[in-house]
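Structure file protein_25.cif (mmCIF, C-alpha atoms (C1' of nucleotides)) follows.
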```cif
data_my_file
#
loop_
_atom_site.label_atom_id
_atom_site.label_comp_id
_atom_site.auth_asym_id
_atom_site.auth_seq_id
_atom_site.Cartn_x
_atom_site.Cartn_y
_atom_site.Cartn_z
CA MET A 1017 -125.25 -69.36 -166.70
CA ARG A 1018 -122.12 -68.07 -168.35
CA SER A 1019 -120.48 -70.65 -170.53
CA GLU A 1020 -116.96 -69.50 -171.37
CA LEU A 1021 -116.83 -71.84 -174.32
CA GLU A 1022 -120.03 -70.58 -175.85
CA VAL A 1023 -119.04 -66.99 -175.26
CA ARG A 1024 -115.78 -67.58 -177.08
CA ALA A 1025 -117.70 -69.21 -179.92
CA PHE A 1026 -120.06 -66.25 -180.05
CA VAL A 1027 -117.19 -63.76 -180.12
CA GLU A 1028 -115.50 -65.69 -182.88
CA GLN A 1029 -118.59 -66.11 -185.07
CA MET A 1030 -119.61 -62.52 -184.71
CA ALA A 1031 -116.08 -61.40 -185.48
CA MET A 1032 -115.91 -63.57 -188.57
CA PHE A 1033 -119.23 -62.21 -189.74
CA LEU A 1034 -117.94 -58.68 -189.43
CA ALA A 1035 -114.67 -59.71 -191.06
CA ASP A 1036 -116.64 -60.91 -194.07
CA TRP A 1037 -117.88 -57.37 -194.38
CA GLY A 1038 -114.44 -55.89 -194.54
CA PHE A 1039 -113.81 -55.36 -190.85
CA PRO A 1040 -110.29 -56.39 -189.77
CA ARG A 1041 -110.47 -59.73 -187.98
CA MET A 1042 -108.62 -58.88 -184.82
CA ALA A 1043 -110.38 -55.57 -184.37
CA ALA A 1044 -113.69 -57.40 -184.60
CA ARG A 1045 -112.59 -59.91 -182.00
CA VAL A 1046 -111.48 -57.19 -179.63
CA LEU A 1047 -114.74 -55.32 -180.07
CA MET A 1048 -116.83 -58.39 -179.40
CA THR A 1049 -114.69 -59.39 -176.43
CA LEU A 1050 -115.31 -56.00 -174.88
CA MET A 1051 -119.03 -56.31 -175.59
CA SER A 1052 -119.13 -59.73 -173.97
CA ALA A 1053 -117.24 -58.77 -170.83
CA ASP A 1054 -119.08 -58.27 -167.58
CA GLU A 1055 -116.44 -55.71 -166.71
CA GLU A 1056 -117.14 -52.23 -168.02
CA ARG A 1057 -113.65 -52.06 -169.54
CA LEU A 1058 -110.57 -54.18 -170.15
CA THR A 1059 -106.88 -53.41 -170.47
CA ALA A 1060 -104.80 -54.39 -173.47
CA GLY A 1061 -103.23 -57.13 -171.35
CA GLU A 1062 -106.60 -58.56 -170.35
CA LEU A 1063 -107.74 -58.56 -173.94
CA ALA A 1064 -104.58 -60.38 -175.04
CA GLU A 1065 -105.09 -62.97 -172.33
CA ARG A 1066 -108.76 -63.60 -173.05
CA LEU A 1067 -108.24 -63.89 -176.77
CA ASP A 1068 -104.97 -65.73 -176.34
CA VAL A 1069 -103.16 -63.61 -178.90
CA SER A 1070 -100.02 -61.50 -178.76
CA ALA A 1071 -99.93 -58.04 -177.22
CA ALA A 1072 -98.89 -56.77 -180.64
CA ALA A 1073 -102.11 -57.92 -182.22
CA ILE A 1074 -104.14 -56.07 -179.58
CA SER A 1075 -102.12 -52.93 -180.08
CA GLY A 1076 -103.01 -52.78 -183.77
CA ALA A 1077 -106.65 -53.63 -183.18
CA VAL A 1078 -107.32 -51.00 -180.53
CA ARG A 1079 -105.66 -48.34 -182.64
CA TYR A 1080 -108.04 -49.19 -185.46
CA LEU A 1081 -111.10 -49.23 -183.21
CA GLN A 1082 -110.20 -45.91 -181.65
CA GLN A 1083 -109.96 -44.26 -185.06
CA LEU A 1084 -113.51 -45.33 -185.74
CA HIS A 1085 -114.55 -44.15 -182.28
CA LEU A 1086 -115.84 -47.62 -181.60
CA ILE A 1087 -113.92 -47.77 -178.34
CA ASP A 1088 -112.63 -45.21 -175.85
CA ARG A 1089 -109.33 -45.40 -174.03
CA VAL A 1090 -109.72 -44.68 -170.35
CA PRO A 1091 -106.88 -44.39 -167.83
CA VAL A 1092 -107.08 -46.95 -165.05
CA PRO A 1093 -106.72 -45.21 -161.69
CA GLY A 1094 -103.82 -46.62 -159.74
CA SER A 1095 -102.26 -48.38 -162.68
CA ARG A 1096 -99.93 -47.30 -165.44
CA SER A 1097 -101.97 -48.90 -168.16
CA ASP A 1098 -105.14 -47.74 -169.85
CA ALA A 1099 -108.31 -49.68 -170.38
CA TYR A 1100 -110.70 -49.76 -173.32
CA GLU A 1101 -114.46 -49.66 -173.33
CA VAL A 1102 -117.26 -49.56 -175.84
CA PRO A 1103 -119.22 -46.38 -175.22
CA ARG A 1104 -122.94 -47.02 -174.80
CA ASN A 1105 -124.26 -45.81 -178.12
CA ALA A 1106 -121.16 -45.23 -180.10
CA TRP A 1107 -121.25 -48.53 -181.71
CA TYR A 1108 -124.24 -48.02 -183.93
CA THR A 1109 -124.25 -44.27 -183.81
CA ALA A 1110 -120.62 -43.61 -184.60
CA ALA A 1111 -120.01 -46.55 -186.85
CA ILE A 1112 -122.95 -46.27 -189.18
CA VAL A 1113 -123.89 -42.62 -189.27
CA LYS A 1114 -120.98 -40.50 -188.27
CA GLY A 1115 -118.75 -42.16 -190.79
CA GLY A 1116 -120.72 -40.20 -193.35
CA LEU A 1117 -120.72 -43.39 -195.36
CA TYR A 1118 -123.78 -42.59 -197.43
CA LYS A 1119 -122.81 -39.00 -197.88
CA ARG A 1120 -119.49 -40.07 -199.35
CA LEU A 1121 -121.20 -42.52 -201.67
CA ALA A 1122 -123.60 -39.81 -202.76
CA ASP A 1123 -120.72 -37.42 -203.47
CA LEU A 1124 -118.84 -40.02 -205.45
CA SER A 1125 -121.99 -40.79 -207.43
CA ASP A 1126 -122.47 -37.12 -208.14
CA GLN A 1127 -119.04 -37.03 -209.71
CA GLY A 1128 -120.19 -39.91 -211.86
CA VAL A 1129 -123.33 -38.07 -212.93
CA ASN A 1130 -121.27 -35.10 -214.04
CA ALA A 1131 -119.01 -37.25 -216.16
CA LEU A 1132 -121.92 -38.80 -218.03
CA ASP A 1133 -123.87 -37.77 -221.12
CA GLU A 1134 -126.99 -35.73 -220.54
CA GLY A 1135 -129.31 -37.71 -222.70
CA GLY A 1136 -127.96 -41.12 -221.73
CA ALA A 1137 -129.40 -43.95 -219.71
CA ALA A 1138 -126.24 -44.20 -217.63
CA ARG A 1139 -126.63 -40.71 -216.27
CA GLU A 1140 -130.22 -41.47 -215.26
CA ARG A 1141 -129.11 -44.61 -213.52
CA ILE A 1142 -126.25 -43.07 -211.62
CA ALA A 1143 -128.34 -40.05 -210.68
CA GLU A 1144 -130.88 -42.38 -209.14
CA MET A 1145 -128.13 -44.12 -207.25
CA ARG A 1146 -126.94 -40.78 -205.91
CA ASP A 1147 -130.47 -39.87 -204.84
CA PHE A 1148 -130.79 -43.19 -203.10
CA PHE A 1149 -127.68 -42.54 -201.05
CA LEU A 1150 -128.88 -39.06 -200.20
CA PHE A 1151 -132.16 -40.57 -199.07
CA LEU A 1152 -130.31 -43.04 -196.89
CA ASP A 1153 -128.07 -40.36 -195.48
CA ASP A 1154 -131.16 -38.49 -194.29
CA GLU A 1155 -133.23 -41.43 -193.19
CA VAL A 1156 -130.69 -43.54 -191.40
CA GLY A 1157 -129.96 -40.71 -189.02
CA LEU A 1158 -133.65 -40.44 -188.17
CA LEU A 1159 -133.88 -44.19 -187.82
CA LEU A 1160 -131.13 -44.25 -185.23
CA ASP A 1161 -132.73 -41.44 -183.29
CA ARG A 1162 -135.89 -43.49 -183.19
CA TRP A 1163 -133.94 -46.47 -181.94
CA VAL A 1164 -132.33 -44.55 -179.13
CA ALA A 1165 -135.72 -43.15 -178.10
CA GLU A 1166 -137.38 -46.54 -178.20
CA ARG A 1167 -134.60 -48.16 -176.26
CA ASP A 1168 -134.66 -45.50 -173.55
CA GLU A 1169 -138.41 -45.88 -173.24
CA ARG A 1170 -138.06 -49.59 -172.90
CA ARG A 1171 -135.35 -49.25 -170.30
CA GLN A 1172 -137.41 -46.77 -168.34
CA ALA A 1173 -140.38 -49.10 -168.39
CA ARG A 1174 -138.27 -51.90 -167.00
CA SER A 1175 -136.76 -49.85 -164.20
CA TRP A 1176 -140.20 -48.89 -162.81
CA MET B 934 -120.76 -34.46 -221.99
CA ARG B 935 -119.45 -37.94 -221.44
CA SER B 936 -115.82 -37.98 -220.43
CA GLU B 937 -114.48 -41.52 -220.75
CA LEU B 938 -111.60 -40.70 -218.47
CA GLU B 939 -113.79 -39.36 -215.71
CA VAL B 940 -116.19 -42.24 -216.04
CA ARG B 941 -113.32 -44.68 -215.63
CA ALA B 942 -112.17 -42.74 -212.58
CA PHE B 943 -115.67 -42.84 -211.15
CA VAL B 944 -115.97 -46.58 -211.72
CA GLU B 945 -112.62 -47.16 -210.09
CA GLN B 946 -113.24 -44.97 -207.05
CA MET B 947 -116.67 -46.38 -206.44
CA ALA B 948 -115.33 -49.91 -206.82
CA MET B 949 -112.52 -49.26 -204.38
CA PHE B 950 -114.98 -47.83 -201.91
CA LEU B 951 -117.08 -50.96 -202.10
CA ALA B 952 -113.93 -53.08 -201.93
CA ASP B 953 -113.06 -51.42 -198.63
CA TRP B 954 -116.35 -52.78 -197.36
CA GLY B 955 -115.52 -56.34 -198.22
CA PHE B 956 -116.81 -56.45 -201.75
CA PRO B 957 -114.47 -58.24 -204.18
CA ARG B 958 -112.64 -55.65 -206.28
CA MET B 959 -113.37 -57.00 -209.71
CA ALA B 960 -117.02 -57.68 -208.97
CA ALA B 961 -117.36 -54.07 -207.84
CA ARG B 962 -115.73 -52.83 -211.04
CA VAL B 963 -118.03 -54.94 -213.19
CA LEU B 964 -121.09 -53.74 -211.31
CA MET B 965 -120.13 -50.10 -211.66
CA THR B 966 -119.23 -50.53 -215.32
CA LEU B 967 -122.69 -51.90 -215.99
CA MET B 968 -124.23 -49.04 -214.05
CA SER B 969 -122.24 -46.49 -216.04
CA ALA B 970 -123.02 -47.94 -219.46
CA ASP B 971 -125.53 -46.25 -221.71
CA GLU B 972 -126.37 -49.69 -223.04
CA GLU B 973 -128.93 -51.58 -221.04
CA ARG B 974 -126.65 -54.63 -220.86
CA LEU B 975 -123.12 -55.74 -221.75
CA THR B 976 -121.58 -59.11 -222.66
CA ALA B 977 -118.64 -60.62 -220.82
CA GLY B 978 -116.44 -59.69 -223.75
CA GLU B 979 -117.53 -56.06 -223.70
CA LEU B 980 -116.91 -55.86 -220.00
CA ALA B 981 -113.43 -57.31 -220.42
CA GLU B 982 -112.66 -54.81 -223.13
CA ARG B 983 -113.93 -51.76 -221.25
CA LEU B 984 -112.14 -52.66 -218.07
CA ASP B 985 -109.10 -53.90 -219.95
CA VAL B 986 -108.85 -57.09 -217.90
CA SER B 987 -108.78 -60.75 -218.84
CA ALA B 988 -111.91 -62.69 -219.70
CA ALA B 989 -111.15 -64.92 -216.75
CA ALA B 990 -111.46 -62.06 -214.31
CA ILE B 991 -114.88 -61.17 -215.71
CA SER B 992 -116.03 -64.74 -215.47
CA GLY B 993 -115.34 -64.88 -211.74
CA ALA B 994 -116.87 -61.48 -211.10
CA VAL B 995 -120.16 -62.12 -212.88
CA ARG B 996 -120.58 -65.44 -211.11
CA TYR B 997 -120.23 -63.66 -207.79
CA LEU B 998 -122.65 -60.89 -208.76
CA GLN B 999 -125.23 -63.36 -209.99
CA GLN B 1000 -125.17 -65.21 -206.69
CA LEU B 1001 -126.06 -61.98 -204.93
CA HIS B 1002 -128.73 -61.26 -207.56
CA LEU B 1003 -127.03 -58.00 -208.28
CA ILE B 1004 -127.00 -58.77 -211.99
CA ASP B 1005 -129.10 -60.86 -214.34
CA ARG B 1006 -127.81 -62.89 -217.23
CA VAL B 1007 -129.86 -62.35 -220.37
CA PRO B 1008 -129.43 -64.21 -223.67
CA VAL B 1009 -128.57 -61.92 -226.56
CA PRO B 1010 -130.90 -62.61 -229.50
CA GLY B 1011 -128.93 -63.56 -232.60
CA SER B 1012 -125.70 -64.19 -230.72
CA ARG B 1013 -124.28 -67.16 -228.90
CA SER B 1014 -123.22 -65.16 -225.88
CA ASP B 1015 -125.23 -63.82 -222.98
CA ALA B 1016 -125.25 -60.31 -221.64
CA TYR B 1017 -125.47 -59.00 -218.09
CA GLU B 1018 -127.59 -56.22 -216.70
CA VAL B 1019 -128.31 -54.65 -213.36
CA PRO B 1020 -132.03 -55.05 -212.71
CA ARG B 1021 -133.71 -51.77 -211.83
CA ASN B 1022 -134.21 -52.18 -208.11
CA ALA B 1023 -132.19 -55.21 -207.31
CA TRP B 1024 -129.20 -53.33 -206.30
CA TYR B 1025 -130.50 -51.81 -203.09
CA THR B 1026 -133.33 -54.20 -202.59
CA ALA B 1027 -131.47 -57.46 -203.05
CA ALA B 1028 -128.16 -56.39 -201.62
CA ILE B 1029 -129.22 -54.83 -198.38
CA VAL B 1030 -132.47 -56.46 -197.37
CA LYS B 1031 -132.76 -59.83 -198.97
CA GLY B 1032 -129.42 -60.89 -197.62
CA GLY B 1033 -131.14 -61.09 -194.26
CA LEU B 1034 -128.03 -59.47 -192.93
CA TYR B 1035 -129.58 -57.98 -189.82
CA LYS B 1036 -131.60 -61.06 -189.10
CA ARG B 1037 -128.45 -63.15 -189.09
CA LEU B 1038 -126.71 -60.69 -186.81
CA ALA B 1039 -129.68 -60.75 -184.48
CA ASP B 1040 -129.66 -64.54 -184.39
CA LEU B 1041 -125.96 -64.67 -183.69
CA SER B 1042 -126.39 -62.11 -180.93
CA ASP B 1043 -129.18 -64.14 -179.42
CA GLN B 1044 -126.80 -67.07 -179.13
CA GLY B 1045 -124.48 -64.75 -177.27
CA VAL B 1046 -127.21 -63.67 -174.88
CA ASN B 1047 -127.93 -67.28 -174.03
CA ALA B 1048 -124.31 -67.98 -173.27
CA LEU B 1049 -124.06 -65.10 -170.81
CA ASP B 1050 -124.79 -64.75 -167.11
CA GLU B 1051 -128.26 -63.59 -166.19
CA GLY B 1052 -127.24 -60.93 -163.75
CA GLY B 1053 -124.29 -59.66 -165.76
CA ALA B 1054 -123.67 -56.46 -167.62
CA ALA B 1055 -122.48 -58.37 -170.67
CA ARG B 1056 -125.84 -60.02 -171.16
CA GLU B 1057 -127.58 -56.67 -170.99
CA ARG B 1058 -125.23 -55.24 -173.54
CA ILE B 1059 -125.51 -58.10 -176.00
CA ALA B 1060 -129.28 -58.26 -175.58
CA GLU B 1061 -129.45 -54.62 -176.53
CA MET B 1062 -127.31 -55.32 -179.55
CA ARG B 1063 -129.67 -58.09 -180.59
CA ASP B 1064 -132.67 -55.82 -180.18
CA PHE B 1065 -130.96 -53.20 -182.27
CA PHE B 1066 -130.47 -55.63 -185.11
CA LEU B 1067 -134.07 -56.78 -184.86
CA PHE B 1068 -135.13 -53.16 -185.03
CA LEU B 1069 -133.02 -52.64 -188.13
CA ASP B 1070 -134.31 -55.81 -189.72
CA ASP B 1071 -137.84 -54.44 -189.42
CA GLU B 1072 -137.16 -50.84 -190.26
CA VAL B 1073 -134.77 -51.12 -193.15
CA GLY B 1074 -137.34 -53.04 -195.15
CA LEU B 1075 -139.86 -50.28 -194.59
CA LEU B 1076 -137.29 -47.67 -195.45
CA LEU B 1077 -136.62 -49.25 -198.81
CA ASP B 1078 -140.31 -49.49 -199.57
CA ARG B 1079 -140.56 -45.79 -198.90
CA TRP B 1080 -137.64 -45.15 -201.22
CA VAL B 1081 -139.20 -47.07 -204.07
CA ALA B 1082 -142.48 -45.23 -203.57
CA GLU B 1083 -140.82 -41.84 -203.44
CA ARG B 1084 -138.73 -42.56 -206.50
CA ASP B 1085 -141.72 -43.73 -208.53
CA GLU B 1086 -143.61 -40.62 -207.54
CA ARG B 1087 -140.73 -38.45 -208.58
CA ARG B 1088 -140.40 -40.25 -211.89
CA GLN B 1089 -144.11 -39.93 -212.57
CA ALA B 1090 -143.97 -36.22 -211.83
CA ARG B 1091 -141.18 -35.79 -214.35
CA SER B 1092 -142.89 -37.72 -217.12
CA TRP B 1093 -145.98 -35.53 -217.05
"C1'" DC C 1126 -118.50 -83.08 -238.28
"C1'" DA C 1127 -115.03 -79.53 -238.06
"C1'" DC C 1128 -114.81 -74.91 -237.05
"C1'" DC C 1129 -115.09 -70.78 -234.45
"C1'" DA C 1130 -116.49 -67.02 -231.35
"C1'" DG C 1131 -117.06 -66.72 -226.91
"C1'" DT C 1132 -116.76 -68.37 -222.05
"C1'" DT C 1133 -115.14 -71.04 -218.21
"C1'" DT C 1134 -111.73 -73.48 -215.56
"C1'" DC C 1135 -107.20 -74.09 -213.78
"C1'" DA C 1136 -102.41 -73.48 -211.99
"C1'" DC C 1137 -99.77 -70.02 -210.87
"C1'" DA C 1138 -97.20 -65.41 -209.75
"C1'" DA C 1139 -97.59 -61.07 -207.41
"C1'" DA C 1140 -99.41 -58.32 -203.87
"C1'" DC C 1141 -101.64 -57.84 -199.68
"C1'" DT C 1142 -103.17 -59.22 -194.83
"C1'" DT C 1143 -102.63 -61.30 -190.56
"C1'" DG C 1144 -100.49 -62.42 -186.37
"C1'" DT C 1145 -95.97 -63.42 -184.17
"C1'" DG C 1146 -91.68 -62.88 -181.28
"C1'" DA C 1147 -88.27 -59.89 -180.08
"C1'" DA C 1148 -86.51 -55.42 -179.37
"C1'" DA C 1149 -87.35 -50.71 -178.22
"C1'" DG C 1150 -90.26 -47.25 -175.83
"C1'" DT C 1151 -92.98 -45.31 -171.80
"C1'" DT C 1152 -94.12 -44.13 -167.31
"C1'" DG C 1153 -94.33 -44.39 -162.55
"C1'" DT C 1154 -91.87 -46.01 -158.35
"C1'" DT C 1155 -88.07 -46.78 -155.43
"C1'" DA D 588 -80.72 -43.45 -162.07
"C1'" DA D 589 -82.36 -48.22 -162.21
"C1'" DC D 590 -86.13 -51.01 -162.30
"C1'" DA D 591 -90.68 -53.03 -163.26
"C1'" DA D 592 -94.89 -53.28 -165.66
"C1'" DC D 593 -96.87 -52.51 -169.85
"C1'" DT D 594 -97.36 -51.15 -174.66
"C1'" DT D 595 -95.75 -50.13 -179.22
"C1'" DT D 596 -93.00 -50.90 -183.24
"C1'" DC D 597 -90.73 -53.80 -186.51
"C1'" DA D 598 -89.24 -57.62 -189.63
"C1'" DC D 599 -90.94 -61.58 -190.97
"C1'" DA D 600 -93.48 -66.23 -191.96
"C1'" DA D 601 -97.85 -68.09 -193.21
"C1'" DG D 602 -102.09 -67.58 -195.39
"C1'" DT D 603 -105.26 -65.28 -198.57
"C1'" DT D 604 -106.76 -62.58 -202.53
"C1'" DT D 605 -106.30 -60.97 -207.06
"C1'" DG D 606 -105.72 -61.25 -211.80
"C1'" DT D 607 -103.31 -63.74 -215.56
"C1'" DG D 608 -102.37 -66.83 -219.69
"C1'" DA D 609 -103.28 -71.08 -221.51
"C1'" DA D 610 -106.01 -74.95 -222.14
"C1'" DA D 611 -110.59 -77.04 -222.08
"C1'" DC D 612 -115.37 -76.49 -223.02
"C1'" DT D 613 -119.96 -74.98 -225.48
"C1'" DG D 614 -123.17 -74.67 -228.93
"C1'" DG D 615 -124.45 -72.69 -233.25
"C1'" DT D 616 -122.97 -72.73 -238.43
"C1'" DG D 617 -120.94 -73.76 -242.80
#
```
For the structure just supplied, provide its representation as structure tokens.
Amino acid sequence: MRSELEVRAFVEQMAMFLADWGFPRMAARVLMTLMSADEERLTAGELAERLDVSAAAISGAVRYLQQLHLIDRVPVPGSRSDAYEVPRNAWYTAAIVKGGLYKRLADLSDQGVNALDEGGAARERIAEMRDFFLFLDDEVGLLLDRWVAERDERRQARSW
Amino acid sequence: MRSELEVRAFVEQMAMFLADWGFPRMAARVLMTLMSADEERLTAGELAERLDVSAAAISGAVRYLQQLHLIDRVPVPGSRSDAYEVPRNAWYTAAIVKGGLYKRLADLSDQGVNALDEGGAARERIAEMRDFFLFLDDEVGLLLDRWVAERDERRQARSW
DNA sequence: CACCAGTTTCACAAACTTGTGAAAGTTGTT
DNA sequence: AACAACTTTCACAAGTTTGTGAAACTGGTG
């Protein structure tokens, strides 16, 4: 049974959790509102109404989310306005891997290694950090592939 | 060859990168300064001097880092002041896994699932999100174990 | 017990972030 | 062209974060 109140609470808590990790508040709310909607997609106006915030706030949030490819903008047939949706995978796939997060950290660390003394403990330490990020860069990709495979299997099993 | 200027640049860039992900700026700088030091550990005073910031700023930063177990405070023999060091593994281990980050996200998501309509698309979507976080919670731990094993192997190979 | 090196706490100024209302843009329809 | 339905941009108020200097605290030493 859908409890609007609890859904709002869920959206808000999840958004605040993401916000703690550096995600802009409003963008997080918009993302979670889209995730929690039974509709496949919502317009900017619908988002503003559900969250009870100004249209301006939505405008900024969707721009941010689009940059990260966390949402797609889709024209609504028979209306002048567009709607936004969270593409099926994009949310883990795009966000975590495609950002090249670990690769960038590894590159930065490599710069560090080159600035440090050959004999020194610091160089050792930073080199290990770099290797760790390289490891993650490789492995996280594989991990997500495994997730997608497992999920598809599970879904197939259910639909039989 | 150690280039102080480049090391400072590295510390700053790395710190800003972490700051973008919600990490407090000064705490990130302190962490990276410790990582880039040839000394095994540094006192609050040394940190303040190297970063050229007030003692007060260091005080706040080390308190934060200690809470996350990203640094340890160690008494300096023959001195009244303590020193701080980054324990060997703690930095990936503690930060990413121990936080129970994914578990918390999964729990939050589960709340969402319960608030949503049984037939609806939203429930499906959020349930999948929850399962994803559960998957990560399991797998990331294993991943880190593999990293530690691989690193130790590598280190052993080098020391022969 | 007074001192002192070193650290912590506190109130505050500066800089940034967040969300708003109002005005300006768009785009399709009459 | 004028309108209607939306969306975007902009200046700003409120709230938060960041780092500071100064004062209070700590614990070993002369």
(request) Just give me the residues with any atom within 12 Å of (-90.9, -51.3, -167.2), file coordinates, counting only C-alpha atoms (C1' of nucleotides), written as JSON, numbers by chain. (result) {"A": [1096, 1097], "C": [1149, 1150, 1151, 1152, 1153, 1154], "D": [589, 590, 591, 592, 593, 594]}
(message) Could you tell me which residues of chain B sit within 12 Å of chain D when counting only C-alpha atoms (C1' of nucleotides), and give me the result as JSON, numbers by chain?
(response) {"B": [952, 955, 956, 957, 958, 959, 960, 985, 986, 987, 988, 989, 990, 991, 992, 993, 994, 1011, 1012, 1013, 1014]}
(request) Residues of chain C no more than 8 Å from chain B, counting all atoms listed in the file: send them over as number ranges by chain. (result) C: 1131-1133
(request) Restrict the distance test to all atoms listed in the file, flag each residue of chain A within 7 Å of chain B, and return the flagged residues as an MDAnalysis selection string. (result) chainID A and resid 1017:1019 1022:1023 1026 1030 1036:1038 1051:1054 1124 1127:1128 1131:1134 1136:1138 1141:1142
Taking all atoms of region 608-615 of chain D that the file lists, what box with edges along x, y and z, padded by 6 Å per side, do you get, with centre and edge lengths in Å to one decimal, as JSON?
```
{"center_x": -113.4, "center_y": -71.9, "center_z": -226.5, "size_x": 34.1, "size_y": 22.2, "size_z": 25.6}
```
(request) Take CA of Leu1081 (chain A) and CA of Ala1099 (chain A) and report the distance between them in Å, one decimal. (result)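 Between these atoms lies a distance of 13.1 Å.
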(request) Please indicate the distance in Å from CA of Leu1047 (chain A) to CA of Ala1039 (chain B), rounded to one decimal place. (result) 16.5 Å
(request) One decimal, Å: what's the distance from CA of Arg1171 (chain A) over to CA of Arg1089 (chain A), could you say? (result) 26.6 Å
